[in-house]
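Note sheet for the following structure.
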Amino acid sequence: MQTEILQPTDLNIMRCASRLKAGELVAFPTETVYALGAVATDAKAVKKVFEVKNRPQDKALIVAVSKKSDIRKVVKSIPDKAQILIDKFMPGALTLVFDRADVIPDEVTAGSDSVAVRIPDNAVAQKLIELAGAPVVVPSANTSDKASPTLARHVKDDLDGKIEFILDGGESKIGIESTIVDMRTDPPTVLRAGGVTVEQLKQTVGEVKTQSNGGRQSGYTPNADVLFSAYYDGMSDNICRFYDELEAKHKRAAILCLDGNKACYGNRNAFTVGADYEAYAHNLFAVLRKADDERYDAVIAEGVKPDGIGESLIAKLIKLSGGKII
């Protein structure tokens with residue numbers, strides 16, 4: 001199979017929607033990362049997603065719909081707090097977990113009685129799902145051992161020859177995954193920090209619980225050994241010390257840092273990730289892909305303050321590093 005990158009014209013979106021209706025897979029942009037779509041009510045198509053991604057069968061998939069009213073088609077009920085979050089943050093980088101409706105097959109939910117639902121804040125994604133006429137599963141469009149893709153070419157690097165079409169929507173706006181909140185608990189439980197911050201959730205619905213899974217995440221594992229620095233005065237000095245120790249052991253190391261901090265590392269190899277925390281989140285996976293491609297042995301990531309998206313960044317970096325904080 002030849003994989004073709006398509007510009008998101010009306011005709012091409014319609015072509016891709018037709019392929020989804022026919023039980024095939026299509027990659028497309030969302031505001032977080034690129035997604036690998038299949039019609040969620042088609043169990044055979046959903047099975048193809050697991051095969052293409054080499055994804056464990058016990059990892060449930062997120063389901064996307066194109067508009068708020070369609071959420072009721074895939075869940076049994078919507079609690080009051082969930083409706084408040086839907087009204088505030090959807091479309092957007094928020095995924096909510098509900099009791100699933102019968103229309104969603106076991107293949108999507110790994111046999112559980114719950115379903116995770118979101119509405120991508122991306123016009124191409126919304127139009128594609130609308131034209132498909134059904135909810136669509138939206139895991140990241142990569143093999144499970146690679147960083148989540150934020151560009152169409154990242155998808156082609158991973159899935160070339162495995163899917164027919166990739167809709168090119170340019171670079172993903174956020175760059176890290178959606179926040180997942182279980183609305184079946186009271187208070188709601190944050191299962192994964194992402195594009196919507198815990199503080200934003202608290203400001204909207206009051207108390208929320210957080211769940212820490214700890215350890216290296218079960219999906220993407222960078223080839224390089226990732227170390228994550230805590231944020232404090234003198235952080236750059238400590239990073240320099242660790243970098244020099246790695247170099248002394250003949251390990252190729254790279255530092256991930258904000259643009260304004262690059263001078264702190266002298267002539268050491270530093271990859272800049274942008275001017276602020278939003279840019280850091282936006283560029284994180286792309287920079288880790290670069291480190292993988294260039295075969296670095298270790299990556300030392302600057303720490304951030306737990307402010308705004310920084311809280312989600314910390315959670316992501318802790319997972320990527322397997323909890324190795326320096």
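Please note that chains go A, B, ... in the order of the structure tokens, that every chain numbers its residues from 1, and that ligands are numbered from 1 in the order shown.
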
> Any idea what's packed within 9 Å of Gln7 of chain A, counting only C-alpha atoms, ignoring anything in its chain fewer than 5 positions away? Could you give it as number ranges by chain?
Replying inline: A: 12-13, 166-169

> Which polymer residues have any atom within 12 Å of an atom of Ala43 of chain A, counting only C-alpha atoms, with same-chain residues fewer than 3 positions away left out, as a PyMOL selection string?
Replying inline: chain A and resi 23-24+38-40+46-50+103-110+136-137

Where does segment 129-239 of chain A meet segment 73-88 of chain A within 9 Å, residue by residue, with the nearest atom pair and distance in Å to one decimal for each, counting only C-alpha atoms, listed by chain and rising number, as CSV?
```
residue,atom,partner,partner_atom,distance
A:Pro135,CA,A:Val74,CA,7.9
A:Met183,CA,A:Ala82,CA,6.3
A:Arg184,CA,A:Pro79,CA,8.2
A:Pro188,CA,A:Lys81,CA,8.4
A:Leu201,CA,A:Leu85,CA,7.8
A:Thr204,CA,A:Leu85,CA,7.2
A:Val205,CA,A:Lys81,CA,6.3
```

Those same residues - N, CA, C and O atoms - I'd like them written as a PDB file, in the first residue's frame.
```pdb
ATOM      1  N   PRO A 135     -18.968   8.162  15.215  1.00  0.00           N
ATOM      2  CA  PRO A 135     -17.831   8.477  16.078  1.00  0.00           C
ATOM      3  C   PRO A 135     -16.570   7.787  15.539  1.00  0.00           C
ATOM      4  O   PRO A 135     -16.643   6.746  14.883  1.00  0.00           O
ATOM      5  N   MET A 183     -15.340  11.042  34.773  1.00  0.00           N
ATOM      6  CA  MET A 183     -16.516  11.708  35.332  1.00  0.00           C
ATOM      7  C   MET A 183     -17.428  10.740  36.081  1.00  0.00           C
ATOM      8  O   MET A 183     -18.493  11.132  36.550  1.00  0.00           O
ATOM      9  N   ARG A 184     -17.011   9.504  36.231  1.00  0.00           N
ATOM     10  CA  ARG A 184     -17.823   8.523  36.957  1.00  0.00           C
ATOM     11  C   ARG A 184     -17.526   8.542  38.454  1.00  0.00           C
ATOM     12  O   ARG A 184     -18.161   7.821  39.225  1.00  0.00           O
ATOM     13  N   PRO A 188     -14.490  14.345  40.289  1.00  0.00           N
ATOM     14  CA  PRO A 188     -13.892  13.772  39.078  1.00  0.00           C
ATOM     15  C   PRO A 188     -12.403  13.480  39.291  1.00  0.00           C
ATOM     16  O   PRO A 188     -11.726  14.155  40.074  1.00  0.00           O
ATOM     17  N   LEU A 201      -9.482  22.992  35.518  1.00  0.00           N
ATOM     18  CA  LEU A 201     -10.583  22.108  35.909  1.00  0.00           C
ATOM     19  C   LEU A 201     -11.140  22.505  37.269  1.00  0.00           C
ATOM     20  O   LEU A 201     -12.362  22.586  37.457  1.00  0.00           O
ATOM     21  N   THR A 204     -13.293  25.465  37.302  1.00  0.00           N
ATOM     22  CA  THR A 204     -14.566  25.278  36.606  1.00  0.00           C
ATOM     23  C   THR A 204     -15.563  24.441  37.397  1.00  0.00           C
ATOM     24  O   THR A 204     -16.759  24.770  37.459  1.00  0.00           O
ATOM     25  N   VAL A 205     -15.095  23.334  38.014  1.00  0.00           N
ATOM     26  CA  VAL A 205     -16.034  22.434  38.709  1.00  0.00           C
ATOM     27  C   VAL A 205     -15.671  22.180  40.162  1.00  0.00           C
ATOM     28  O   VAL A 205     -16.279  21.337  40.825  1.00  0.00           O
TER      29      VAL A 205
END
```

>> List as a PyMOL selection string the protein and nucleic acid residues near Pro8 of chain A, meaning an atom at most 12 Å away when only C-alpha atoms are counted, but skip any in the same chain fewer than 4 places from it.
In response: chain A and resi 12-17+27-29+122-128+152+165-170

> Where in segment 79-237 of chain A does DSSP assign helix (DSSP H, G or I), given as a PyMOL selection string?
Replying inline: chain A and resi 80-89+106-109+123-132+152-159+198-205+235-237

> Could you pull the residues within 7 Å of Ala193 of chain A, counting only C-alpha atoms, minus those fewer than 2 positions along the same chain, as a PyMOL selection string?
Replying inline: chain A and resi 179-180+190-191+197+312+315

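By only C-alpha atoms, and with residues fewer than 4 positions from Ala230 of chain A along its chain excluded, the set lying at most 10 Å from it is A:Met235, A:Asn238, A:Ile239, A:Ala301, A:Glu302, A:Gly303, A:Val304, A:Lys305, A:Ile314, A:Ile318, A:Ile325, A:Ile326.
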
Write the residues you've just listed into a file as a compact mmCIF listing (two decimals), in the first residue's frame, and include C-alpha atoms for each of them.
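Output file part.txt follows:
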```
# COMPACT_ATOMS: atom_id res chain seq x y z
CA MET A 235 18.96 24.21 37.92
CA ASN A 238 23.12 20.93 38.00
CA ILE A 239 22.15 20.07 34.43
CA ALA A 301 15.10 18.09 30.12
CA GLU A 302 14.81 21.40 31.95
CA GLY A 303 12.24 21.51 34.73
CA VAL A 304 9.36 23.99 34.77
CA LYS A 305 7.17 25.65 37.36
CA ILE A 314 5.87 18.02 34.50
CA ILE A 318 8.12 12.40 34.69
CA ILE A 325 14.55 13.35 38.37
CA ILE A 326 17.91 15.02 38.94
```

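Between atom CA of Lys316 of chain A and atom CA of Arg192 of chain A the separation is 8.8 Å.
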
>> For the structure I just gave you, how does DSSP split segment 33-108 of chain A - specifically, which residues are strand (DSSP E)? Reply as a VMD selection string.
In response: chain A and resid 35 to 39 62 to 64 94 to 99

Keeping only N, CA, C and O atoms, write those residues as a tab-separated table (two decimals), in the first residue's frame.
```
chain	number	residue	atom	x	y	z
A	35	ALA	N	-3.93	12.09	14.74
A	35	ALA	CA	-4.71	10.93	15.18
A	35	ALA	C	-4.80	9.90	14.06
A	35	ALA	O	-4.77	10.23	12.86
A	36	LEU	N	-4.92	8.64	14.46
A	36	LEU	CA	-5.18	7.54	13.52
A	36	LEU	C	-6.63	7.13	13.69
A	36	LEU	O	-7.01	6.55	14.71
A	37	GLY	N	-7.45	7.45	12.71
A	37	GLY	CA	-8.88	7.29	12.85
A	37	GLY	C	-9.42	6.01	12.24
A	37	GLY	O	-8.94	5.53	11.20
A	38	ALA	N	-10.45	5.47	12.88
A	38	ALA	CA	-11.27	4.39	12.36
A	38	ALA	C	-12.66	4.59	12.95
A	38	ALA	O	-12.80	5.15	14.04
A	39	VAL	N	-13.68	4.15	12.24
A	39	VAL	CA	-15.04	4.29	12.76
A	39	VAL	C	-15.17	3.46	14.04
A	39	VAL	O	-14.91	2.26	14.05
A	62	ILE	N	-9.57	6.36	22.76
A	62	ILE	CA	-10.45	7.52	22.90
A	62	ILE	C	-11.33	7.63	21.66
A	62	ILE	O	-10.90	7.35	20.54
A	63	VAL	N	-12.57	8.02	21.87
A	63	VAL	CA	-13.54	8.21	20.80
A	63	VAL	C	-13.79	9.70	20.61
A	63	VAL	O	-13.98	10.44	21.58
A	64	ALA	N	-13.79	10.15	19.35
A	64	ALA	CA	-14.05	11.55	19.05
A	64	ALA	C	-15.37	11.69	18.30
A	64	ALA	O	-15.72	10.86	17.46
A	94	LEU	N	-9.58	18.15	25.95
A	94	LEU	CA	-10.14	17.51	27.13
A	94	LEU	C	-10.89	16.25	26.71
A	94	LEU	O	-11.71	16.29	25.79
A	95	THR	N	-10.60	15.15	27.39
A	95	THR	CA	-11.29	13.88	27.18
A	95	THR	C	-12.00	13.51	28.47
A	95	THR	O	-11.39	13.52	29.54
A	96	LEU	N	-13.28	13.18	28.38
A	96	LEU	CA	-14.07	12.81	29.55
A	96	LEU	C	-14.48	11.34	29.46
A	96	LEU	O	-14.83	10.84	28.38
A	97	VAL	N	-14.44	10.66	30.61
A	97	VAL	CA	-14.77	9.23	30.68
A	97	VAL	C	-16.16	9.06	31.28
A	97	VAL	O	-16.46	9.61	32.34
A	98	PHE	N	-17.00	8.29	30.58
A	98	PHE	CA	-18.39	8.05	30.98
A	98	PHE	C	-18.66	6.54	30.94
A	98	PHE	O	-17.88	5.76	30.40
A	99	ASP	N	-19.85	6.14	31.43
A	99	ASP	CA	-20.37	4.81	31.15
A	99	ASP	C	-20.71	4.76	29.67
A	99	ASP	O	-21.38	5.65	29.14
```

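The two atoms in question, atom CA of Glu171 of chain A and atom CA of Asn142 of chain A, are spaced 15.2 Å apart.
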
>> What's around Leu313 of chain A at 8 Å? Count only C-alpha atoms, leave out sequence neighbours fewer than 2 positions away in its own chain, and write the answer as a PyMOL selection string.
In response: chain A and resi 194+277+281+304+309-311+315-317

Now that the selection is made, can you save its residues with C-alpha atoms as a compact mmCIF listing (two decimals), in the first residue's frame?
```txt
# COMPACT_ATOMS: atom_id res chain seq x y z
CA GLY A 194 -2.56 17.32 29.19
CA TYR A 277 5.98 26.61 28.55
CA ALA A 281 4.75 21.46 25.30
CA VAL A 304 9.36 23.99 34.77
CA ILE A 309 0.51 24.04 31.09
CA GLY A 310 3.67 23.56 33.17
CA GLU A 311 1.76 21.17 35.42
CA ALA A 315 3.55 14.99 34.44
CA LYS A 316 4.58 14.15 30.87
CA LEU A 317 8.32 14.54 31.56
```
